[in-house]
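K.L.:
What follows is structure39.pdb, PDB, C-alpha atoms, pLDDT in the B column.
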ATOM      1  CA  MET S 262      -5.086 -14.098   7.667  1.00 74.00           C
ATOM      2  CA  ASP S 263      -7.508 -13.526   4.781  1.00 81.00           C
ATOM      3  CA  ILE S 264      -6.215 -11.061   2.170  1.00 82.00           C
ATOM      4  CA  LYS S 265      -9.357  -8.938   2.473  1.00 84.00           C
ATOM      5  CA  ASP S 266      -8.672  -8.408   6.188  1.00 89.00           C
ATOM      6  CA  VAL S 267      -5.106  -7.187   5.693  1.00 93.00           C
ATOM      7  CA  ILE S 268      -5.646  -3.834   3.924  1.00 93.00           C
ATOM      8  CA  LEU S 269      -8.113  -1.475   5.569  1.00 93.00           C
ATOM      9  CA  TYR S 270      -7.820   1.536   3.219  1.00 91.00           C
ATOM     10  CA  ALA S 271      -5.388   3.616   1.184  1.00 90.00           C
ATOM     11  CA  GLU S 272      -4.163   6.911   2.567  1.00 89.00           C
ATOM     12  CA  LEU S 273      -3.796   9.913   0.288  1.00 88.00           C
ATOM     13  CA  THR S 274      -2.166  13.110   1.560  1.00 89.00           C
ATOM     14  CA  GLU S 275       0.207  15.578  -0.087  1.00 92.00           C
ATOM     15  CA  LYS S 276       3.192  13.599   1.170  1.00 91.00           C
ATOM     16  CA  ASP S 277       1.640  10.408  -0.171  1.00 89.00           C
ATOM     17  CA  MET S 278       1.171  12.006  -3.595  1.00 90.00           C
ATOM     18  CA  TYR S 279       4.851  13.010  -3.611  1.00 92.00           C
ATOM     19  CA  LEU S 280       5.899   9.432  -2.789  1.00 91.00           C
ATOM     20  CA  LEU S 281       3.501   8.152  -5.435  1.00 90.00           C
ATOM     21  CA  ASP S 282       4.994  10.338  -8.172  1.00 91.00           C
ATOM     22  CA  LYS S 283       8.655  10.164  -7.211  1.00 92.00           C
ATOM     23  CA  TYR S 284       9.122   6.628  -5.823  1.00 93.00           C
ATOM     24  CA  ASN S 285       6.107   4.657  -7.116  1.00 92.00           C
ATOM     25  CA  LYS S 286       4.892   4.023  -3.545  1.00 94.00           C
ATOM     26  CA  ILE S 287       1.377   3.581  -2.178  1.00 94.00           C
ATOM     27  CA  ILE S 288       0.539   4.025   1.482  1.00 94.00           C
ATOM     28  CA  PHE S 289      -2.056   1.715   3.008  1.00 94.00           C
ATOM     29  CA  ILE S 290      -3.482   1.614   6.502  1.00 95.00           C
ATOM     30  CA  VAL S 291      -3.371  -2.076   7.402  1.00 95.00           C
ATOM     31  CA  ASN S 292      -4.482  -4.437  10.147  1.00 94.00           C
ATOM     32  CA  MET S 293      -2.204  -4.265  13.215  1.00 95.00           C
ATOM     33  CA  SER S 294      -1.601  -8.008  13.214  1.00 94.00           C
ATOM     34  CA  SER S 295      -0.610  -8.249   9.538  1.00 94.00           C
ATOM     35  CA  THR S 296       3.019  -8.906   8.630  1.00 94.00           C
ATOM     36  CA  LYS S 297       5.037  -7.537   5.715  1.00 95.00           C
ATOM     37  CA  LYS S 298       4.615 -10.869   3.956  1.00 94.00           C
ATOM     38  CA  ASP S 299       0.803 -10.704   4.421  1.00 94.00           C
ATOM     39  CA  ILE S 300       0.725  -7.151   3.064  1.00 95.00           C
ATOM     40  CA  LYS S 301       2.843  -8.050   0.037  1.00 95.00           C
ATOM     41  CA  GLU S 302       0.666 -11.051  -0.823  1.00 94.00           C
ATOM     42  CA  ALA S 303      -2.551  -9.069  -0.373  1.00 94.00           C
ATOM     43  CA  VAL S 304      -1.447  -6.206  -2.641  1.00 93.00           C
ATOM     44  CA  GLU S 305      -0.161  -8.588  -5.315  1.00 94.00           C
ATOM     45  CA  LYS S 306      -3.369 -10.656  -5.352  1.00 93.00           C
ATOM     46  CA  LEU S 307      -5.875  -7.801  -5.052  1.00 91.00           C
ATOM     47  CA  PHE S 308      -4.304  -5.502  -7.652  1.00 91.00           C
ATOM     48  CA  ASN S 309      -2.388  -7.951  -9.922  1.00 92.00           C
ATOM     49  CA  VAL S 310       0.967  -6.179  -9.503  1.00 93.00           C
ATOM     50  CA  LYS S 311       4.452  -7.134  -8.327  1.00 95.00           C
ATOM     51  CA  VAL S 312       5.628  -5.598  -5.050  1.00 95.00           C
ATOM     52  CA  LYS S 313       9.289  -4.676  -4.726  1.00 95.00           C
ATOM     53  CA  LYS S 314       9.371  -3.729  -1.035  1.00 95.00           C
ATOM     54  CA  VAL S 315       7.127  -3.182   1.991  1.00 96.00           C
ATOM     55  CA  ASN S 316       8.001  -0.910   4.915  1.00 96.00           C
ATOM     56  CA  THR S 317       5.720  -0.604   7.934  1.00 96.00           C
ATOM     57  CA  LEU S 318       5.382   1.742  10.877  1.00 95.00           C
ATOM     58  CA  ILE S 319       2.907   2.560  13.614  1.00 96.00           C
ATOM     59  CA  ASP S 320       1.965   6.241  13.602  1.00 93.00           C
ATOM     60  CA  TYR S 321       1.079   8.470  16.537  1.00 95.00           C
ATOM     61  CA  LYS S 322      -2.629   7.692  16.099  1.00 94.00           C
ATOM     62  CA  GLY S 323      -1.947   3.998  16.682  1.00 95.00           C
ATOM     63  CA  ARG S 324      -2.534   2.944  13.074  1.00 95.00           C
ATOM     64  CA  LYS S 325      -0.198   0.647  11.179  1.00 96.00           C
ATOM     65  CA  LYS S 326       0.951   2.130   7.870  1.00 96.00           C
ATOM     66  CA  ALA S 327       2.450   0.139   5.042  1.00 96.00           C
ATOM     67  CA  TYR S 328       4.616   1.865   2.447  1.00 96.00           C
ATOM     68  CA  VAL S 329       4.388  -0.412  -0.585  1.00 96.00           C
ATOM     69  CA  THR S 330       6.896   0.076  -3.401  1.00 95.00           C
ATOM     70  CA  LEU S 331       5.889  -1.428  -6.737  1.00 94.00           C
ATOM     71  CA  GLU S 332       8.170  -2.813  -9.418  1.00 93.00           C
ATOM     72  CA  LYS S 333       9.029  -0.384 -12.234  1.00 91.00           C
ATOM     73  CA  GLU S 334       6.732  -1.989 -14.798  1.00 92.00           C
ATOM     74  CA  TYR S 335       3.668  -1.163 -12.666  1.00 90.00           C
ATOM     75  CA  LYS S 336       2.317   2.286 -11.896  1.00 89.00           C
ATOM     76  CA  ALA S 337       1.068   3.162  -8.420  1.00 87.00           C
ATOM     77  CA  GLN S 338      -1.252   5.748  -9.981  1.00 86.00           C
ATOM     78  CA  ASP S 339      -3.131   2.969 -11.777  1.00 85.00           C
ATOM     79  CA  ILE S 340      -4.004   1.315  -8.474  1.00 86.00           C
ATOM     80  CA  LEU S 341      -5.271   4.543  -6.957  1.00 85.00           C
ATOM     81  CA  SER S 342      -7.335   5.260 -10.054  1.00 85.00           C
ATOM     82  CA  LYS S 343      -8.900   1.771  -9.770  1.00 83.00           C
ATOM     83  CA  LEU S 344      -9.788   2.625  -6.171  1.00 81.00           C
ATOM     84  CA  GLY S 345     -11.289   5.945  -7.318  1.00 82.00           C
ATOM     85  CA  LEU S 346      -8.925   8.114  -5.274  1.00 77.00           C
ATOM     86  CA  ILE S 347      -7.376  10.048  -8.176  1.00 74.00           C
TER      87      ILE S 347
END
Do you think you could lay out the structure here as structure tokens?
P.N.:
Amino acid sequence: MDIKDVILYAELTEKDMYLLDKYNKIIFIVNMSSTKKDIKEAVEKLFNVKVKKVNTLIDYKGRKKAYVTLEKEYKAQDILSKLGLI
């Protein structure tokens, strides 16, 4: 799968902002057929960061969410500011 097809968009709610500040996590809505490995590679290549962990779930709307935790030397806020979300 092409890395541009993996991540659809970043989600930003109050809960997401809490996770961003407290745990250095970013929440992405991703393609249903993408794996954790695909998501990790896509985030690392698109944003030039190191990913510590990826957790996924399918929400009640049928979307696949990826909770991406970054390594301590990288800031999740920097990625969202590059995307123009904060």
K.L.:
Starting from the displayed file, determine the output of the PyMOL selection byres ((chain S and resi 303-307) around 12) and express the residue list as a tab-separated table (two decimals) with C-alpha atoms, in the coordinates of the input.
P.N.:
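Saved as part_20.tsv:
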chain	number	residue	atom	x	y	z
S	262	MET	CA	-5.09	-14.10	7.67
S	263	ASP	CA	-7.51	-13.53	4.78
S	264	ILE	CA	-6.22	-11.06	2.17
S	265	LYS	CA	-9.36	-8.94	2.47
S	266	ASP	CA	-8.67	-8.41	6.19
S	267	VAL	CA	-5.11	-7.19	5.69
S	268	ILE	CA	-5.65	-3.83	3.92
S	269	LEU	CA	-8.11	-1.48	5.57
S	270	TYR	CA	-7.82	1.54	3.22
S	271	ALA	CA	-5.39	3.62	1.18
S	287	ILE	CA	1.38	3.58	-2.18
S	288	ILE	CA	0.54	4.03	1.48
S	289	PHE	CA	-2.06	1.72	3.01
S	291	VAL	CA	-3.37	-2.08	7.40
S	292	ASN	CA	-4.48	-4.44	10.15
S	295	SER	CA	-0.61	-8.25	9.54
S	296	THR	CA	3.02	-8.91	8.63
S	297	LYS	CA	5.04	-7.54	5.72
S	298	LYS	CA	4.62	-10.87	3.96
S	299	ASP	CA	0.80	-10.70	4.42
S	300	ILE	CA	0.72	-7.15	3.06
S	301	LYS	CA	2.84	-8.05	0.04
S	302	GLU	CA	0.67	-11.05	-0.82
S	308	PHE	CA	-4.30	-5.50	-7.65
S	309	ASN	CA	-2.39	-7.95	-9.92
S	310	VAL	CA	0.97	-6.18	-9.50
S	311	LYS	CA	4.45	-7.13	-8.33
S	312	VAL	CA	5.63	-5.60	-5.05
S	313	LYS	CA	9.29	-4.68	-4.73
S	314	LYS	CA	9.37	-3.73	-1.03
S	315	VAL	CA	7.13	-3.18	1.99
S	327	ALA	CA	2.45	0.14	5.04
S	328	TYR	CA	4.62	1.86	2.45
S	329	VAL	CA	4.39	-0.41	-0.58
S	330	THR	CA	6.90	0.08	-3.40
S	331	LEU	CA	5.89	-1.43	-6.74
S	332	GLU	CA	8.17	-2.81	-9.42
S	335	TYR	CA	3.67	-1.16	-12.67
S	337	ALA	CA	1.07	3.16	-8.42
S	340	ILE	CA	-4.00	1.32	-8.47
S	343	LYS	CA	-8.90	1.77	-9.77
S	344	LEU	CA	-9.79	2.62	-6.17
K.L.:
How many Å lie between atom CA of Lys286 of chain S and atom CA of Lys336 of chain S, rounded to one decimal?
P.N.:
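Answer for the atom CA of Lys286 of chain S to atom CA of Lys336 of chain S separation: 8.9 Å.
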K.L.:
Once 3 Å is added on each side, what centre and edge lengths in Å to one decimal does the axis-aligned box around all listed atoms of segment 286-289 of chain S have, as JSON?
P.N.:
{"center_x": 1.4, "center_y": 2.9, "center_z": -0.3, "size_x": 12.9, "size_y": 8.3, "size_z": 12.6}
K.L.:
Would you mind telling me which residue in S:Ile290, S:Lys283, S:Ser342, S:Thr274 lies nearest to Arg324 of chain S when using only C-alpha atoms?
P.N.:
S:Ile290
K.L.:
Would you work out the distance separating atom CA of Asn316 of chain S from atom CA of Leu346 of chain S, expressed in Å to one decimal?
P.N.:
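Atom CA of Leu346 of chain S lies 21.7 Å from atom CA of Asn316 of chain S.
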K.L.:
Using Å and a single decimal, report how far atom CA of Thr317 of chain S sits from atom CA of Asp339 of chain S.
P.N.:
21.9 Å
